[in-house]
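Student: Quick one, my_file-v2.cif (mmCIF, C-alpha atoms):
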data_my_file
#
loop_
_atom_site.label_atom_id
_atom_site.label_comp_id
_atom_site.auth_asym_id
_atom_site.auth_seq_id
_atom_site.Cartn_x
_atom_site.Cartn_y
_atom_site.Cartn_z
CA MET O 1 -35.83 24.08 -43.15
CA ASP O 2 -39.24 25.42 -42.10
CA ASP O 3 -39.05 27.75 -39.12
CA ILE O 4 -41.45 25.64 -37.04
CA SER O 5 -39.69 22.33 -37.67
CA PRO O 6 -38.00 20.92 -34.58
CA ILE O 7 -34.22 20.95 -34.70
CA ARG O 8 -32.29 18.45 -32.63
CA ALA O 9 -29.54 20.25 -30.73
CA LYS O 10 -28.10 20.80 -27.28
CA SER O 11 -28.20 24.28 -25.81
CA GLY O 12 -25.14 26.45 -25.91
CA THR O 13 -24.34 29.04 -23.28
CA ASN O 14 -23.79 32.76 -23.70
CA GLN O 15 -21.61 32.96 -20.60
CA GLU O 16 -18.00 34.00 -21.06
CA GLY O 17 -15.33 31.36 -21.45
CA THR O 18 -17.50 28.70 -23.09
CA SER O 19 -16.62 29.13 -26.77
CA ALA O 20 -15.17 25.62 -27.11
CA HIS O 21 -18.42 24.11 -25.83
CA ASN O 22 -20.48 26.28 -28.16
CA ARG O 23 -18.40 25.19 -31.16
CA ARG O 24 -19.12 21.58 -30.27
CA VAL O 25 -22.84 22.30 -29.86
CA MET O 26 -22.96 23.86 -33.34
CA ILE O 27 -21.07 20.97 -34.94
CA GLU O 28 -23.39 18.43 -33.34
CA ALA O 29 -26.48 20.33 -34.49
CA LEU O 30 -25.20 20.26 -38.07
CA ARG O 31 -24.33 16.57 -37.80
CA LEU O 32 -27.79 15.65 -36.48
CA ASN O 33 -29.89 17.86 -38.74
CA GLY O 34 -27.90 18.49 -41.90
CA ALA O 35 -27.62 21.98 -43.36
CA LEU O 36 -28.95 24.80 -41.16
CA SER O 37 -28.98 28.58 -41.43
CA ARG O 38 -27.52 30.88 -38.80
CA ALA O 39 -31.05 31.72 -37.64
CA ASP O 40 -31.88 28.02 -37.33
CA LEU O 41 -28.72 27.43 -35.32
CA ALA O 42 -29.38 30.37 -33.01
CA ARG O 43 -32.95 29.20 -32.36
CA ALA O 44 -31.93 25.57 -31.75
CA THR O 45 -28.89 26.22 -29.56
CA GLN O 46 -30.27 29.29 -27.72
CA LEU O 47 -27.14 31.25 -28.59
CA THR O 48 -27.21 34.86 -29.71
CA LYS O 49 -27.11 35.50 -33.46
CA GLN O 50 -23.78 37.26 -33.02
CA ALA O 51 -22.29 34.28 -31.19
CA VAL O 52 -23.52 31.95 -33.93
CA SER O 53 -22.06 34.21 -36.64
CA ASN O 54 -18.69 34.32 -34.89
CA ILE O 55 -18.55 30.55 -34.49
CA ILE O 56 -19.64 29.92 -38.09
CA GLU O 57 -16.84 32.18 -39.31
CA ASP O 58 -14.33 30.29 -37.19
CA LEU O 59 -15.59 26.91 -38.37
CA GLU O 60 -15.43 28.08 -42.00
CA SER O 61 -11.88 29.27 -41.47
CA ASP O 62 -10.96 25.90 -39.96
CA GLY O 63 -12.43 24.04 -42.93
CA LEU O 64 -15.15 22.35 -40.86
CA VAL O 65 -18.25 23.98 -42.40
CA VAL O 66 -19.12 25.39 -45.81
CA ALA O 67 -21.86 27.74 -46.99
CA LEU O 68 -24.41 26.47 -49.50
CA ASP O 69 -26.48 28.45 -51.99
CA ALA O 70 -28.90 30.89 -50.37
CA VAL O 71 -32.54 29.78 -50.17
CA ARG O 72 -35.69 31.87 -49.82
CA LYS O 73 -38.33 31.01 -47.19
CA GLY O 74 -41.69 32.58 -47.97
CA ARG O 75 -41.52 36.35 -48.28
CA GLY O 76 -38.52 36.82 -46.03
CA GLN O 77 -34.94 37.51 -46.97
CA PRO O 78 -33.00 34.56 -48.40
CA SER O 79 -30.89 32.69 -45.86
CA THR O 80 -27.64 30.82 -46.30
CA PRO O 81 -27.54 27.25 -44.98
CA TYR O 82 -24.29 25.75 -43.73
CA ARG O 83 -23.24 22.12 -43.63
CA LEU O 84 -20.34 20.20 -42.19
CA VAL O 85 -17.41 19.39 -44.44
CA PRO O 86 -16.89 15.60 -44.22
CA GLU O 87 -13.21 16.05 -45.07
CA GLY O 88 -12.80 18.49 -42.18
CA ALA O 89 -11.45 15.73 -39.93
CA PHE O 90 -10.47 12.06 -40.07
CA ALA O 91 -9.78 9.32 -37.55
CA ILE O 92 -8.56 5.74 -37.48
CA GLY O 93 -10.38 3.00 -35.59
CA LEU O 94 -8.93 -0.32 -34.52
CA HIS O 95 -10.80 -3.39 -33.31
CA ILE O 96 -8.61 -5.96 -31.59
CA ASP O 97 -10.19 -9.32 -30.81
CA ARG O 98 -8.79 -12.68 -29.84
CA HIS O 99 -8.16 -13.95 -33.37
CA LEU O 100 -8.28 -10.92 -35.68
CA THR O 101 -7.95 -7.18 -35.98
CA ARG O 102 -9.82 -4.69 -38.15
CA ALA O 103 -8.86 -1.10 -38.96
CA VAL O 104 -10.98 1.61 -40.57
CA ALA O 105 -10.55 5.25 -41.50
CA VAL O 106 -13.57 7.56 -41.20
CA ASN O 107 -14.32 11.20 -41.93
CA LEU O 108 -16.04 13.77 -39.73
CA MET O 109 -19.48 12.33 -40.58
CA GLY O 110 -18.48 8.78 -39.64
CA SER O 111 -18.37 7.48 -43.23
CA VAL O 112 -15.87 4.65 -43.69
CA LEU O 113 -13.32 5.57 -46.37
CA ALA O 114 -10.79 2.77 -46.03
CA ARG O 115 -10.60 -0.51 -44.14
CA ALA O 116 -8.49 -3.64 -43.77
CA GLU O 117 -8.33 -6.73 -41.56
CA ALA O 118 -5.78 -9.36 -40.59
CA ASN O 119 -5.51 -12.47 -38.44
CA LEU O 120 -3.74 -12.19 -35.09
CA PRO O 121 -1.70 -14.83 -33.25
CA PHE O 122 -3.74 -15.76 -30.19
CA ASP O 123 -2.56 -13.93 -27.05
CA GLU O 124 0.80 -12.92 -28.55
CA PRO O 125 0.73 -9.12 -28.50
CA SER O 126 4.43 -8.62 -29.28
CA LYS O 127 3.86 -10.27 -32.66
CA GLY O 128 0.31 -9.01 -33.04
CA VAL O 129 1.23 -5.35 -32.62
CA GLU O 130 3.58 -5.57 -35.63
CA ILE O 131 0.66 -6.79 -37.73
CA ILE O 132 -1.52 -4.01 -36.34
CA LEU O 133 1.00 -1.27 -37.16
CA GLU O 134 1.26 -2.54 -40.75
CA LEU O 135 -2.52 -2.61 -40.99
CA ILE O 136 -2.83 0.98 -39.74
CA ALA O 137 -0.10 2.15 -42.11
CA GLY O 138 -1.96 0.57 -45.03
CA VAL O 139 -5.24 2.24 -44.09
CA ARG O 140 -3.53 5.61 -43.72
CA HIS O 141 -1.92 5.16 -47.13
CA ASP O 142 -5.31 4.41 -48.69
CA LEU O 143 -6.83 7.42 -46.91
CA ALA O 144 -4.08 9.72 -48.20
CA GLY O 145 -4.96 8.59 -51.71
CA ILE O 146 -8.53 9.76 -51.11
CA SER O 147 -7.72 13.06 -49.39
CA ALA O 148 -4.39 14.88 -49.63
CA GLN O 149 -5.22 16.68 -46.36
CA SER O 150 -5.92 13.52 -44.36
CA GLU O 151 -2.63 13.36 -42.46
CA LYS O 152 -2.94 16.99 -41.35
CA ARG O 153 -6.54 16.43 -40.25
CA LEU O 154 -6.19 13.12 -38.42
CA VAL O 155 -7.52 13.69 -34.89
CA GLY O 156 -6.49 10.37 -33.40
CA LEU O 157 -6.56 6.59 -33.19
CA GLY O 158 -9.34 4.84 -31.30
CA ILE O 159 -8.90 1.28 -30.06
CA ALA O 160 -11.63 -1.12 -29.01
CA MET O 161 -11.01 -4.52 -27.46
CA PRO O 162 -12.73 -6.82 -24.98
CA GLY O 163 -12.72 -5.76 -21.34
CA PRO O 164 -12.79 -5.54 -18.43
CA PHE O 165 -9.54 -3.64 -18.01
CA GLY O 166 -7.06 -3.54 -15.14
CA LEU O 167 -8.35 -6.39 -13.02
CA LYS O 168 -6.11 -7.87 -10.35
CA ASP O 169 -6.57 -11.41 -11.67
CA SER O 170 -6.67 -11.27 -15.45
CA ASP O 171 -5.43 -14.76 -16.33
CA ASP O 172 -8.84 -15.71 -17.70
CA LYS O 173 -8.38 -16.32 -21.45
CA TRP O 174 -11.71 -14.57 -22.08
CA MET O 175 -10.02 -11.31 -21.06
CA MET O 176 -6.99 -11.57 -23.40
CA PRO O 177 -4.58 -11.47 -20.43
CA ALA O 178 -1.37 -11.07 -22.47
CA TRP O 179 -2.83 -8.04 -24.25
CA GLN O 180 -4.02 -6.64 -20.94
CA LYS O 181 -0.45 -6.65 -19.62
CA PHE O 182 1.13 -5.37 -22.85
CA PRO O 183 1.91 -1.61 -23.16
CA LEU O 184 -0.46 -1.34 -26.10
CA LEU O 185 -1.36 2.35 -25.99
CA GLU O 186 2.23 3.47 -25.61
CA THR O 187 3.42 1.16 -28.39
CA LEU O 188 0.75 2.28 -30.86
CA ALA O 189 1.16 5.96 -29.99
CA LYS O 190 4.89 5.70 -30.64
CA GLY O 191 4.40 3.64 -33.81
CA THR O 192 1.73 5.88 -35.34
CA GLY O 193 2.46 9.34 -33.92
CA LEU O 194 -1.24 9.69 -33.09
CA ASN O 195 -3.16 10.35 -29.90
CA VAL O 196 -4.50 6.97 -28.83
CA GLY O 197 -7.57 6.12 -26.74
CA LEU O 198 -8.99 2.79 -25.56
CA GLN O 199 -12.54 1.59 -24.87
CA ASN O 200 -14.20 -1.78 -24.57
CA ASP O 201 -15.92 -3.30 -27.58
CA ALA O 202 -19.45 -2.73 -26.25
CA ALA O 203 -18.77 0.98 -25.76
CA ALA O 204 -17.41 1.19 -29.31
CA CYS O 205 -20.54 -0.52 -30.63
CA ALA O 206 -22.66 2.04 -28.76
CA THR O 207 -20.62 4.86 -30.29
CA ALA O 208 -21.29 3.46 -33.76
CA GLU O 209 -25.02 3.18 -33.01
CA ARG O 210 -25.04 6.75 -31.72
CA ILE O 211 -23.50 8.11 -34.92
CA VAL O 212 -25.04 6.04 -37.70
CA GLY O 213 -27.43 3.55 -36.08
CA ALA O 214 -30.55 3.13 -33.96
CA ALA O 215 -29.22 5.34 -31.13
CA HIS O 216 -28.79 8.35 -33.42
CA GLY O 217 -30.44 11.30 -31.69
CA VAL O 218 -31.46 9.21 -28.63
CA ASP O 219 -30.33 10.64 -25.30
CA HIS O 220 -30.74 7.53 -23.15
CA ALA O 221 -30.00 4.13 -24.70
CA VAL O 222 -28.14 0.96 -23.78
CA CYS O 223 -26.55 -1.16 -26.50
CA LEU O 224 -26.39 -4.81 -25.49
CA TYR O 225 -23.47 -6.21 -27.47
CA VAL O 226 -23.37 -9.96 -28.11
CA GLY O 227 -19.98 -10.85 -29.51
CA TYR O 228 -17.27 -13.26 -28.43
CA GLY O 229 -18.17 -11.91 -24.99
CA ILE O 230 -21.09 -9.75 -23.85
CA GLY O 231 -21.12 -6.10 -22.81
CA ALA O 232 -23.40 -3.09 -22.59
CA GLY O 233 -22.56 0.31 -24.06
CA LEU O 234 -24.22 3.04 -22.00
CA ILE O 235 -25.45 6.26 -23.59
CA LEU O 236 -26.66 8.48 -20.76
CA ASN O 237 -27.77 12.10 -21.26
CA GLY O 238 -26.48 11.90 -24.83
CA GLU O 239 -22.94 10.95 -23.79
CA LEU O 240 -21.14 7.64 -23.59
CA TYR O 241 -20.58 6.60 -19.98
CA SER O 242 -17.41 4.57 -19.43
CA GLY O 243 -17.19 4.42 -15.63
CA GLY O 244 -14.29 5.10 -13.31
CA HIS O 245 -11.95 2.58 -14.95
CA GLY O 246 -13.41 2.13 -18.43
CA ASN O 247 -15.34 -0.97 -17.34
CA ALA O 248 -18.91 0.33 -17.23
CA GLY O 249 -21.39 -2.03 -18.84
CA GLU O 250 -19.47 -5.28 -18.35
CA ILE O 251 -22.74 -7.13 -17.89
CA GLY O 252 -21.24 -10.29 -19.37
CA MET O 253 -19.38 -10.71 -16.08
CA ALA O 254 -22.63 -10.72 -14.10
CA LEU O 255 -23.32 -14.04 -12.39
CA LEU O 256 -26.62 -15.71 -13.21
CA ALA O 257 -26.79 -17.26 -9.74
CA PRO O 258 -25.30 -16.39 -6.34
CA ALA O 259 -21.54 -16.92 -6.24
CA GLY O 260 -20.64 -20.48 -5.47
CA PRO O 261 -20.65 -23.89 -7.14
CA GLY O 262 -22.49 -23.75 -10.45
CA SER O 263 -22.52 -19.95 -10.76
CA THR O 264 -21.73 -18.89 -14.32
CA PRO O 265 -21.12 -15.46 -15.87
CA LEU O 266 -23.69 -14.44 -18.47
CA GLU O 267 -21.18 -14.39 -21.32
CA HIS O 268 -20.16 -18.01 -20.68
CA ARG O 269 -23.72 -19.02 -21.61
CA ALA O 270 -25.06 -16.48 -24.11
CA SER O 271 -22.08 -15.12 -26.07
CA LEU O 272 -20.84 -16.17 -29.49
CA ALA O 273 -17.94 -17.91 -27.75
CA SER O 274 -20.47 -20.17 -26.03
CA LEU O 275 -22.13 -20.75 -29.41
CA TYR O 276 -18.82 -21.75 -31.01
CA GLN O 277 -18.24 -24.20 -28.20
CA HIS O 278 -21.80 -25.53 -28.39
CA LEU O 279 -21.51 -26.17 -32.14
CA GLY O 280 -17.85 -27.18 -32.22
CA LEU O 281 -16.92 -24.27 -34.49
CA ASN O 282 -13.46 -22.69 -34.73
CA PRO O 283 -13.76 -18.89 -34.25
CA ALA O 284 -10.51 -18.42 -36.19
CA ASP O 285 -12.06 -19.83 -39.39
CA SER O 286 -12.18 -17.20 -42.11
CA ASP O 287 -15.73 -18.23 -43.04
CA ILE O 288 -17.14 -18.45 -39.50
CA TYR O 289 -19.70 -15.74 -40.32
CA GLU O 290 -20.98 -17.74 -43.31
CA GLN O 291 -21.06 -20.97 -41.29
CA MET O 292 -23.28 -19.43 -38.62
CA ASN O 293 -25.56 -17.84 -41.17
CA ALA O 294 -26.05 -21.14 -43.01
CA LEU O 295 -26.95 -22.97 -39.79
CA VAL O 296 -29.56 -20.36 -38.87
CA LEU O 297 -31.15 -20.35 -42.31
CA ALA O 298 -31.26 -24.16 -42.30
CA GLY O 299 -32.97 -24.19 -38.89
CA ASP O 300 -30.22 -26.40 -37.45
CA ALA O 301 -31.50 -28.04 -34.25
CA LYS O 302 -28.38 -27.37 -32.19
CA MET O 303 -28.34 -23.73 -33.32
CA MET O 304 -32.00 -23.28 -32.40
CA ALA O 305 -31.41 -24.86 -28.99
CA TRP O 306 -28.58 -22.42 -28.29
CA ILE O 307 -30.73 -19.46 -29.38
CA ASP O 308 -33.50 -20.49 -26.99
CA GLY O 309 -31.09 -20.85 -24.05
CA ALA O 310 -29.22 -17.61 -24.81
CA ALA O 311 -32.49 -15.70 -25.24
CA HIS O 312 -33.60 -16.83 -21.78
CA ASP O 313 -30.46 -15.36 -20.19
CA LEU O 314 -30.40 -12.21 -22.33
CA ARG O 315 -34.05 -11.54 -21.47
CA TRP O 316 -32.93 -11.31 -17.85
CA SER O 317 -30.13 -8.90 -18.82
CA VAL O 318 -32.60 -6.55 -20.54
CA HIS O 319 -34.73 -6.54 -17.38
CA LEU O 320 -31.64 -5.69 -15.31
CA ILE O 321 -30.59 -2.90 -17.69
CA GLU O 322 -34.05 -1.35 -17.71
CA THR O 323 -34.33 -1.51 -13.93
CA ILE O 324 -30.97 0.18 -13.30
CA PHE O 325 -30.63 2.68 -16.16
CA ASP O 326 -34.21 3.44 -17.30
CA PRO O 327 -33.19 3.85 -20.97
CA GLN O 328 -35.50 4.96 -23.75
CA THR O 329 -34.61 1.74 -25.56
CA VAL O 330 -32.27 -1.25 -25.41
CA ILE O 331 -30.51 -2.01 -28.70
CA LEU O 332 -29.10 -5.47 -29.33
CA THR O 333 -25.95 -5.27 -31.45
CA SER O 334 -23.74 -8.12 -32.50
CA GLY O 335 -20.92 -9.31 -34.69
CA ALA O 336 -23.15 -12.25 -35.64
CA PRO O 337 -25.01 -12.49 -38.96
CA GLU O 338 -28.24 -10.50 -39.04
CA ALA O 339 -30.34 -13.67 -39.38
CA LEU O 340 -28.91 -15.02 -36.11
CA ALA O 341 -29.23 -11.71 -34.25
CA ARG O 342 -32.82 -11.29 -35.46
CA ARG O 343 -33.76 -14.80 -34.33
CA LEU O 344 -32.20 -14.04 -30.96
CA VAL O 345 -34.23 -10.85 -30.53
CA GLU O 346 -37.42 -12.65 -31.54
CA ALA O 347 -36.71 -15.44 -29.05
CA MET O 348 -36.22 -12.87 -26.25
CA HIS O 349 -39.90 -11.90 -26.49
CA PRO O 350 -42.01 -11.60 -24.54
CA LEU O 351 -39.70 -9.51 -22.37
CA LEU O 352 -39.89 -9.74 -18.61
CA PRO O 353 -42.08 -7.13 -16.89
CA SER O 354 -40.09 -4.07 -15.82
CA ILE O 355 -40.37 -0.36 -15.14
CA ALA O 356 -39.91 0.17 -18.89
CA ASP O 357 -43.20 -1.59 -19.66
CA ARG O 358 -45.35 1.54 -19.77
CA PRO O 359 -47.99 2.92 -22.18
CA GLY O 360 -47.21 5.66 -24.65
CA ARG O 361 -43.71 4.49 -25.55
CA HIS O 362 -42.21 6.06 -28.68
CA LEU O 363 -39.40 3.53 -28.99
CA PRO O 364 -39.56 -0.24 -28.50
CA ARG O 365 -38.13 -1.64 -25.27
CA LEU O 366 -35.81 -3.85 -27.33
CA GLN O 367 -34.76 -3.43 -30.94
CA LEU O 368 -32.17 -4.89 -33.28
CA GLY O 369 -29.24 -2.64 -34.06
CA THR O 370 -26.17 -3.06 -36.22
CA THR O 371 -24.92 -6.57 -36.96
CA ASP O 372 -22.01 -5.55 -39.18
CA PRO O 373 -18.78 -7.14 -37.85
CA TRP O 374 -17.00 -3.88 -38.76
CA SER O 375 -19.18 -1.79 -36.44
CA ILE O 376 -16.76 -2.00 -33.50
CA ALA O 377 -13.91 -0.63 -35.61
CA LEU O 378 -16.26 2.13 -36.81
CA GLY O 379 -17.17 2.98 -33.23
CA ALA O 380 -13.51 2.99 -32.24
CA ALA O 381 -12.78 5.46 -35.05
CA ALA O 382 -15.72 7.63 -34.03
CA ALA O 383 -14.34 7.99 -30.50
CA PRO O 384 -11.51 10.44 -31.43
CA ILE O 385 -14.02 12.41 -33.52
CA SER O 386 -16.33 12.53 -30.52
CA ARG O 387 -13.57 13.66 -28.15
CA ALA O 388 -12.59 16.42 -30.55
CA PHE O 389 -16.00 17.73 -31.58
CA ASP O 390 -18.93 16.52 -29.44
CA PRO O 391 -20.42 18.81 -26.76
CA LEU O 392 -19.30 17.30 -23.46
CA PHE O 393 -19.69 18.56 -19.91
CA SER O 394 -15.90 18.30 -19.58
CA ALA O 395 -15.53 20.86 -22.35
CA ILE O 396 -17.40 23.44 -20.27
CA LEU O 397 -15.22 22.72 -17.24
CA LYS O 398 -12.03 23.15 -19.26
CA THR O 399 -13.13 26.38 -20.89
CA ARG O 400 -14.23 27.91 -17.58
CA SER O 401 -10.87 27.15 -16.01
CA ALA O 402 -9.05 28.48 -19.08
CA PRO O 403 -11.35 30.88 -21.00
CA ALA O 404 -11.02 30.83 -24.78
#
Since I need it in another form, could you write the structure as structure tokens?
Tutor:
Amino acid sequence: MDDISPIRAKSGTNQEGTSAHNRRVMIEALRLNGALSRADLARATQLTKQAVSNIIEDLESDGLVVALDAVRKGRGQPSTPYRLVPEGAFAIGLHIDRHLTRAVAVNLMGSVLARAEANLPFDEPSKGVEIILELIAGVRHDLAGISAQSEKRLVGLGIAMPGPFGLKDSDDKWMMPAWQKFPLLETLAKGTGLNVGLQNDAAACATAERIVGAAHGVDHAVCLYVGYGIGAGLILNGELYSGGHGNAGEIGMALLAPAGPGSTPLEHRASLASLYQHLGLNPADSDIYEQMNALVLAGDAKMMAWIDGAAHDLRWSVHLIETIFDPQTVILTSGAPEALARRLVEAMHPLLPSIADRPGRHLPRLQLGTTDPWSIALGAAAAPISRAFDPLFSAILKTRSAPA
């Protein structure tokens, strides 16, 4: 890499007791930029060359980075670039929705190596968790066939499912009440032997966008997820914000009118669940994705009417997001076919005036992100990778209280 080329990286710190944070900073720099030399890493992270050398040696020893062939830049001495080893770590991601579950296995770079899906009995977690454990076991078996070291390098199991979580009154079928009351994390931790974490589906979608999508390298972005329900994944200062109880971004619960007769949550009018109801479709159908795609491509009148109504409400949600969070961009993600999601984004324009409507923007106010129905499972799998390797403020706090 040319010495004057910008390198995307967070700054490390040369203070004592922050080695764990600096390791994470180095790993992120390599993930964002690809192969970098020690000099590149020192310049980008503002760490001393000695600190970079020590960390590189540790990461090599741990099987997380590997040296490439030396390259010569101009008349100077040849330098050795280093890159991340994709097989340095693995994680499993699980997406649980009302009618199905998907599981994926990813490597350190977020590449999907194995995946599987199965139908779930509606709101019957005691039966559903047996199906889930079999699904995870199958994915782990497939992963072991790809990498003999996978079991030793599994950093955890990430779960994504619709929120909000822990509400006093969770009998609403939109919130999967039986699953909310079921000891899911404990059951899956015991059944898999893995560390287990939970996030809502919008947050998982944002994680996927941050790693392999439109939010890659963006410090402030909000992913507006339109699925069976609606949520917003918040990426603030380069980190995913989940809130005090894991319910940040539950914009689908926002009322479109003052509470009272006729007030309706956003997701009851602009989510895929509302579309299924509008069109009389069964969300449990195995070909529901193809059915929706065909209706969009045919310009079906009822489909177009729903798009126009949903776009009106979602346009308001973008205005609200921009006013509160001031993101660099809002990214619409969805489990719907790309043709439907693209029509929805087009129908949302022109956007309402907001503080984001300023000259000199580098990113659009609203853009289309991932529409792959597997993206939530991918984001769920990325969460354990993120907890283990991303530079987080919490990592600095931990290392200062217990110096490495």
Student: Skipping near chain neighbours, those fewer than 5 positions away, what residues fall within 7 Å of Ser271 of chain O using all atoms listed in the file, listed as a list in words?
Tutor: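 Final neighbour list, sorted by chain and number: Val226, Gly227, Tyr228, Gly229 and Ile230 of chain O.
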Student: With all atoms listed in the file as the counted atoms, please give the residues lying no more than 8 Å from Thr101 of chain O, apart from itself and same-chain residues fewer than 2 positions off, as an MDAnalysis selection string.
Tutor: chainID O and resid 94:97 99 103 117:120 132
Student: Between atom CA of Glu209 of chain O and atom CA of Leu340 of chain O, what is the spacing in Å?
Tutor: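 Pair atom CA of Leu340 of chain O / atom CA of Glu209 of chain O returns 18.9 Å.
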Student: Ranking O:Ile321, O:Ile376, O:Val129, O:Met292 by minimum distance to Thr207 of chain O and counting all atoms listed in the file, which one comes first?
Tutor: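 Closest candidate: O:Ile376.
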Student: Residue by residue, what does the PyMOL selection byres ((chain O and resi 352) around 7) grab here? Present the result as number ranges by chain.
Tutor: O: 315, 319, 350-351, 353-354
Student: Would you kindly translate the PyMOL selection byres ((chain O and resi 165) around 9) into the concrete residues it picks from this file, as a PyMOL selection string?
Tutor: chain O and resi 162-164+166-167+170+175+180+200+245-247
Student: Taking the file as shown, find all residues satisfying the PyMOL selection byres ((chain O and resi 327) around 6) and write them as a PyMOL selection string.
Tutor: chain O and resi 220-221+325-326+328-329
Student: Could you write out the selected residues, including C-alpha atoms, as an mmCIF file, in the frame of the given file?
Tutor:
data_model
loop_
_atom_site.group_PDB
_atom_site.id
_atom_site.type_symbol
_atom_site.label_atom_id
_atom_site.label_comp_id
_atom_site.auth_asym_id
_atom_site.auth_seq_id
_atom_site.Cartn_x
_atom_site.Cartn_y
_atom_site.Cartn_z
ATOM 1 C CA HIS O 220 -30.740 7.530 -23.150
ATOM 2 C CA ALA O 221 -30.000 4.130 -24.700
ATOM 3 C CA PHE O 325 -30.630 2.680 -16.160
ATOM 4 C CA ASP O 326 -34.210 3.440 -17.300
ATOM 5 C CA GLN O 328 -35.500 4.960 -23.750
ATOM 6 C CA THR O 329 -34.610 1.740 -25.560
#
Student: Calculate how many Å separate atom CA of Asp308 of chain O from atom CA of Ala347 of chain O, rounding to one decimal.
Tutor: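 Computing it gives 6.3 Å between the two atoms.
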Student: Could you jot down the atom CA of Leu344 of chain O to atom CA of Arg210 of chain O separation for me, Å, one decimal place?
Tutor: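 Atom CA of Arg210 of chain O lies 22.0 Å from atom CA of Leu344 of chain O.
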Student: Between O:Gly197, O:Pro337, O:Trp316, O:Val296, which has the minimum distance to Leu255 of chain O (counting only C-alpha atoms)?
Tutor: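 Looking only at the distances to Leu255 of chain O, the closest residue turns out to be O:Trp316.
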Student: Could I see segment 176-188 of chain O restored to N, CA, C and O atoms, set down as a short mmCIF file (atom, residue, chain, number, x, y, z; two decimals), in the frame of the given file?
Tutor:
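Heads up, here's the output in rebuild_20.cif:
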data_model
loop_
_atom_site.label_atom_id
_atom_site.label_comp_id
_atom_site.auth_asym_id
_atom_site.auth_seq_id
_atom_site.Cartn_x
_atom_site.Cartn_y
_atom_site.Cartn_z
N MET O 176 -8.22 -11.84 -22.65
CA MET O 176 -6.99 -11.57 -23.40
C MET O 176 -5.89 -11.10 -22.45
O MET O 176 -5.39 -9.97 -22.57
N PRO O 177 -5.48 -11.92 -21.49
CA PRO O 177 -4.58 -11.47 -20.43
C PRO O 177 -3.24 -10.94 -20.94
O PRO O 177 -2.72 -9.96 -20.39
N ALA O 178 -2.66 -11.55 -21.96
CA ALA O 178 -1.37 -11.07 -22.47
C ALA O 178 -1.51 -9.66 -23.03
O ALA O 178 -0.62 -8.81 -22.83
N TRP O 179 -2.61 -9.39 -23.72
CA TRP O 179 -2.83 -8.04 -24.25
C TRP O 179 -3.10 -7.05 -23.14
O TRP O 179 -2.72 -5.88 -23.22
N GLN O 180 -3.76 -7.51 -22.07
CA GLN O 180 -4.02 -6.64 -20.94
C GLN O 180 -2.73 -6.14 -20.30
O GLN O 180 -2.66 -5.00 -19.81
N LYS O 181 -1.71 -6.99 -20.28
CA LYS O 181 -0.45 -6.65 -19.62
C LYS O 181 0.53 -5.96 -20.57
O LYS O 181 1.57 -5.44 -20.13
N PHE O 182 0.23 -5.95 -21.84
CA PHE O 182 1.13 -5.37 -22.85
C PHE O 182 0.95 -3.85 -22.91
O PHE O 182 -0.17 -3.35 -22.81
N PRO O 183 2.04 -3.08 -23.07
CA PRO O 183 1.91 -1.61 -23.16
C PRO O 183 1.36 -1.19 -24.52
O PRO O 183 2.06 -0.55 -25.33
N LEU O 184 0.12 -1.52 -24.77
CA LEU O 184 -0.46 -1.34 -26.10
C LEU O 184 -0.58 0.12 -26.51
O LEU O 184 -0.17 0.51 -27.61
N LEU O 185 -1.15 0.95 -25.64
CA LEU O 185 -1.36 2.35 -25.99
C LEU O 185 -0.05 3.07 -26.28
O LEU O 185 0.08 3.81 -27.25
N GLU O 186 0.93 2.82 -25.42
CA GLU O 186 2.23 3.47 -25.61
C GLU O 186 2.89 3.01 -26.91
O GLU O 186 3.45 3.81 -27.66
N THR O 187 2.80 1.71 -27.19
CA THR O 187 3.42 1.16 -28.39
C THR O 187 2.77 1.71 -29.66
O THR O 187 3.47 2.09 -30.61
N LEU O 188 1.45 1.78 -29.67
CA LEU O 188 0.75 2.28 -30.86
C LEU O 188 0.90 3.79 -31.01
O LEU O 188 0.98 4.30 -32.12
#
